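Participant: Next up is a structure, given as structure tokens.
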Amino acid sequence: MNAWSPWLNIFGVLFGALTVAALLIWVERRLLAVWQDRYGPNRVGPFGLLQVVADVIKILTKEDWIPPFADRPVFVLAPAVVMTTVLMSFALVPFAPGIGVVDFNIGLLFFLAMSSLSVYSVMLAGWSSNSKYSLLGGMRSAAQMLSYEVFMGLSVAGVVVLAGSFSLRDIVEAQRNVWFFIPQFLGLLTFLLAGLAETHRLPFDLPEAESELIAGYHSEYSGMKFGMFFVGEYLGIALISSFIVTLFFGGWLGPFLPPIVWFALKTLVFICLFILLRASLPRPRFDQLMAFAWKTMLPLTLLNLVVTGGLVLIFG
Amino acid sequence: MFTSAFQTIWKVFLHMFQKPETIQYPEEKSYLPPRWRGRIVLTRDPDGAERCVACYLCAVACPVDCISLQATEEEDGRRYPEFFRINFSRCIFCGYCEEACPTYAIQLTPDFEMSESNRQNLVYEKEDLLIDGPGKYPDYNFYRVSGLELADKDKGEALNENKPVDIRSLLP
């Protein structure tokens, strides 16, 4: 470890995360196309890979318009919040031994805190846009994120009980013998669903709901501010996927291949799963969403936590 | 409740192994049936003369008023359009002109590749519209079947046409 390695880590993670988020736009469009018997973007560059570059050039040269009726400072701040919180969470991800920006002993709590903060971005965006669709989207997202936040925290509690630590690296190390998705299958399911709702991905994309709210909270956004929300969403997918891998699928652990490759492969599988869910599931009604969170998922996570705790007390 | 969701996810996933339906357009072309309603043409009769008799029915039938023409007459009594203009930037390719045409002159063809950078280039004049052949009805010739009297054709000389009845005579 020389003096440069922290800087290398910081910029490596930043660069890697943003590149992956940008590439995900292409990956998602291609995968959705494959599942809908189409080709997707395949014209720009090899396999349409340069589509990302074209999109970025387009979005950067677009007019960055702020509507005159918007609350200007908040309107400008909102997209920055989502990027900041998601990137802060990325600092925690233990990619491999020696790769990763920080290792807090309360890492998991920090992640939960950051994902709670990102609700402000959506809510403030909806509020400051001063238009009815944005406001509806913002309110929905506030209610949704709050409800799903509750059992997201509880769903990972079982993992914490088993690993005996909030530090993500310790959690990965604790999975040397058995990956936590076997003892914590309920926890995995609930965390996956909560993650979907937190990133407001398609089955739970009620804050955006293009068919009813136009684009929800980012109706009024254009140019790179919209791009920030967009990239923020894809960063969120990558983040939730990497956390699922870290908490339930043994992080970088795996035979033969180098740790970072294992981590990337596992994360990619979950990113593809997220996209598959988007390709196949319809959006529930809002009251169904809330009822599902409070009446099904919350009792399930509580049950999971109680059983896990009891078993650990008896055998542990 | 959840089994249907998992079924859906699995079925969507299986689509991965199906061939895409997409036709990669500029390289591959899709099949256009002969009755496809595309670029409008003016056809000629089997003798090579213009079929259009400038009756204005197409211009009347056109819902977007994109057809404009001016009738004139030859010395032998045959009518033809002095100019015939279709503004394809307005045309909606509904085919009503083809239906309205009494002489099969105006016809829609299976061709849609007619985009232009300059809007004015979409206004087709008669020389752009006229084709050399008879199009979909190869044997039809309006003046040969109609009872119209021309300089070189009297009443009753058309195909399947009886001689005019002499209304002043009682004999059959």
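Labels used: A, B, ... for chains in the order of the structure tokens, numbers from 1 for residues in each chain, and numbers from 1 for ligands as shown.
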Quick one: residues within 12 Å of A:Tyr39, only C-alpha atoms counted, chain neighbours fewer than 6 positions away excluded, as a list of chain:residue names?

Facilitator: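 Neighbouring residues, sequence-local ones excluded: A:Trp26, A:Val27, A:Glu28, A:Arg29, A:Arg30, A:Leu31, A:Leu32, A:Ala33, A:Phe47, A:Gly48, B:Met16, B:Gln18, B:Lys19, B:Pro20, B:Glu21, B:Thr22, B:Ile23, B:Gln24.
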
Participant: Write the selection just made, keeping N, CA, C and O atoms, as a JSON list (two decimals), in the first residue's frame?

Facilitator:
[["chain", "number", "residue", "atom", "x", "y", "z"],
["A", 26, "TRP", "N", -27.25, 1.57, -22.00],
["A", 26, "TRP", "CA", -27.18, 0.73, -23.21],
["A", 26, "TRP", "C", -27.58, -0.70, -22.88],
["A", 26, "TRP", "O", -28.37, -1.31, -23.60],
["A", 27, "VAL", "N", -27.04, -1.23, -21.77],
["A", 27, "VAL", "CA", -27.35, -2.63, -21.40],
["A", 27, "VAL", "C", -28.85, -2.80, -21.24],
["A", 27, "VAL", "O", -29.44, -3.76, -21.75],
["A", 28, "GLU", "N", -29.47, -1.86, -20.54],
["A", 28, "GLU", "CA", -30.90, -2.01, -20.29],
["A", 28, "GLU", "C", -31.68, -1.99, -21.60],
["A", 28, "GLU", "O", -32.57, -2.81, -21.81],
["A", 29, "ARG", "N", -31.31, -1.06, -22.50],
["A", 29, "ARG", "CA", -32.08, -0.98, -23.74],
["A", 29, "ARG", "C", -31.91, -2.24, -24.57],
["A", 29, "ARG", "O", -32.86, -2.75, -25.17],
["A", 30, "ARG", "N", -30.66, -2.77, -24.59],
["A", 30, "ARG", "CA", -30.44, -3.99, -25.37],
["A", 30, "ARG", "C", -31.17, -5.18, -24.76],
["A", 30, "ARG", "O", -31.81, -5.96, -25.47],
["A", 31, "LEU", "N", -31.10, -5.28, -23.43],
["A", 31, "LEU", "CA", -31.72, -6.44, -22.79],
["A", 31, "LEU", "C", -33.24, -6.39, -22.92],
["A", 31, "LEU", "O", -33.88, -7.39, -23.22],
["A", 32, "LEU", "N", -33.81, -5.21, -22.70],
["A", 32, "LEU", "CA", -35.25, -5.08, -22.87],
["A", 32, "LEU", "C", -35.64, -5.48, -24.29],
["A", 32, "LEU", "O", -36.63, -6.18, -24.51],
["A", 33, "ALA", "N", -34.82, -5.06, -25.25],
["A", 33, "ALA", "CA", -35.11, -5.39, -26.64],
["A", 33, "ALA", "C", -35.06, -6.90, -26.85],
["A", 33, "ALA", "O", -35.93, -7.48, -27.50],
["A", 47, "PHE", "N", -22.05, -3.08, -31.86],
["A", 47, "PHE", "CA", -23.21, -3.49, -31.05],
["A", 47, "PHE", "C", -24.00, -2.30, -30.53],
["A", 47, "PHE", "O", -24.74, -2.42, -29.57],
["A", 48, "GLY", "N", -23.81, -1.13, -31.12],
["A", 48, "GLY", "CA", -24.53, 0.05, -30.63],
["A", 48, "GLY", "C", -23.95, 0.62, -29.36],
["A", 48, "GLY", "O", -24.58, 1.42, -28.69],
["B", 16, "MET", "N", -35.56, -14.60, -24.57],
["B", 16, "MET", "CA", -34.16, -14.40, -24.88],
["B", 16, "MET", "C", -33.71, -15.34, -26.01],
["B", 16, "MET", "O", -32.85, -15.00, -26.80],
["B", 18, "GLN", "N", -35.47, -16.43, -28.48],
["B", 18, "GLN", "CA", -36.25, -16.34, -29.71],
["B", 18, "GLN", "C", -35.62, -15.34, -30.65],
["B", 18, "GLN", "O", -34.98, -14.40, -30.24],
["B", 19, "LYS", "N", -35.84, -15.59, -31.91],
["B", 19, "LYS", "CA", -35.26, -14.71, -32.92],
["B", 19, "LYS", "C", -36.03, -13.39, -32.92],
["B", 19, "LYS", "O", -37.25, -13.39, -32.82],
["B", 20, "PRO", "N", -35.32, -12.25, -33.00],
["B", 20, "PRO", "CA", -36.04, -10.98, -33.03],
["B", 20, "PRO", "C", -36.92, -10.85, -34.26],
["B", 20, "PRO", "O", -36.60, -11.39, -35.32],
["B", 21, "GLU", "N", -38.02, -10.13, -34.08],
["B", 21, "GLU", "CA", -38.93, -9.93, -35.20],
["B", 21, "GLU", "C", -38.46, -8.82, -36.13],
["B", 21, "GLU", "O", -38.99, -8.65, -37.21],
["B", 22, "THR", "N", -37.48, -8.05, -35.64],
["B", 22, "THR", "CA", -37.10, -6.83, -36.35],
["B", 22, "THR", "C", -36.63, -7.10, -37.76],
["B", 22, "THR", "O", -35.89, -8.06, -38.01],
["B", 23, "ILE", "N", -37.03, -6.28, -38.69],
["B", 23, "ILE", "CA", -36.46, -6.27, -40.03],
["B", 23, "ILE", "C", -35.50, -5.09, -40.06],
["B", 23, "ILE", "O", -35.91, -3.94, -39.85],
["B", 24, "GLN", "N", -34.22, -5.38, -40.27],
["B", 24, "GLN", "CA", -33.21, -4.32, -40.20],
["B", 24, "GLN", "C", -33.31, -3.48, -41.46],
["B", 24, "GLN", "O", -32.62, -3.74, -42.43]]

Participant: Up to 6 Å from chain B, what residues of chain A turn up? Count only C-alpha atoms and give them as a list in words.

Facilitator: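 Here is what falls inside 6 Å: Val34, Trp35, Asp37, Arg38 and Ser280 of chain A.
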
Participant: Quick one: DSSP alpha helix (DSSP H) residues in stretch 67-246 of chain A, as number ranges by chain?

Facilitator: A: 72-90, 107-128, 132-163, 168-173, 185-198, 210-213, 223-246

Participant: Given the choices A:Gly227, A:Gly158, A:Pro258, A:Pro6, which gets closest to A:Ala21 if the distance is worked out from only C-alpha atoms?

Facilitator: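 Of the candidates, the smallest distance to A:Ala21 is held by A:Gly227.
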
Participant: Mind checking DSSP for stretch 5-141 of chain B and telling me the strand (DSSP E) residues as a PyMOL selection string?

Facilitator: chain B and resi 40-42+67-73+79-87+106-108+123-124

Participant: Could you tell me how far atom CA of A:His218 lies from atom CA of A:Ser129, in Å and to one decimal?

Facilitator: 8.1 Å

Participant: Can you list, as a PyMOL selection string, every protein, DNA or RNA residue that comes within 10 Å of B:Met114 when you count only C-alpha atoms, leaving out same-chain residues fewer than 2 positions away?

Facilitator: chain B and resi 38-39+88+111-112+116+121-122

Participant: May I have the residues within 9 Å of A:Leu305 as a list in words, using only C-alpha atoms and disregarding those fewer than 3 positions away in the same chain?

Facilitator: Leu154, Ser155, Val156, Ala157, Gly158, Val161, Gly187, Leu300, Thr301, Leu302, Thr308, Gly309 and Gly310 of chain A

Participant: With only C-alpha atoms as the atoms that count, which of B:Glu113, B:Glu99, B:Asp154, B:Glu149 lies nearest to B:Tyr25?

Facilitator: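 Looking only at the distances to B:Tyr25, the closest residue turns out to be B:Glu113.
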
Participant: At what distance in Å, to one decimal, does atom CA of B:Pro102 lie from atom CA of B:Ser89?

Facilitator: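 Computing it gives 25.1 Å between the two atoms.
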
Participant: Would you kindly return, as an MDAnalysis selection string, each protein, DNA or RNA residue with an atom no farther than 12 Å from any atom of A:Gly254, considering only C-alpha atoms and excluding same-chain residues fewer than 3 positions away?

Facilitator: chainID A and resid 96 172:173 175:179 245 249:251 257:266

Participant: Could you tell me how far atom CA of A:Leu189 lies from atom CA of A:Val306, in Å and to one decimal?

Facilitator: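 Separation of atom CA of A:Leu189 and atom CA of A:Val306: 16.3 Å.
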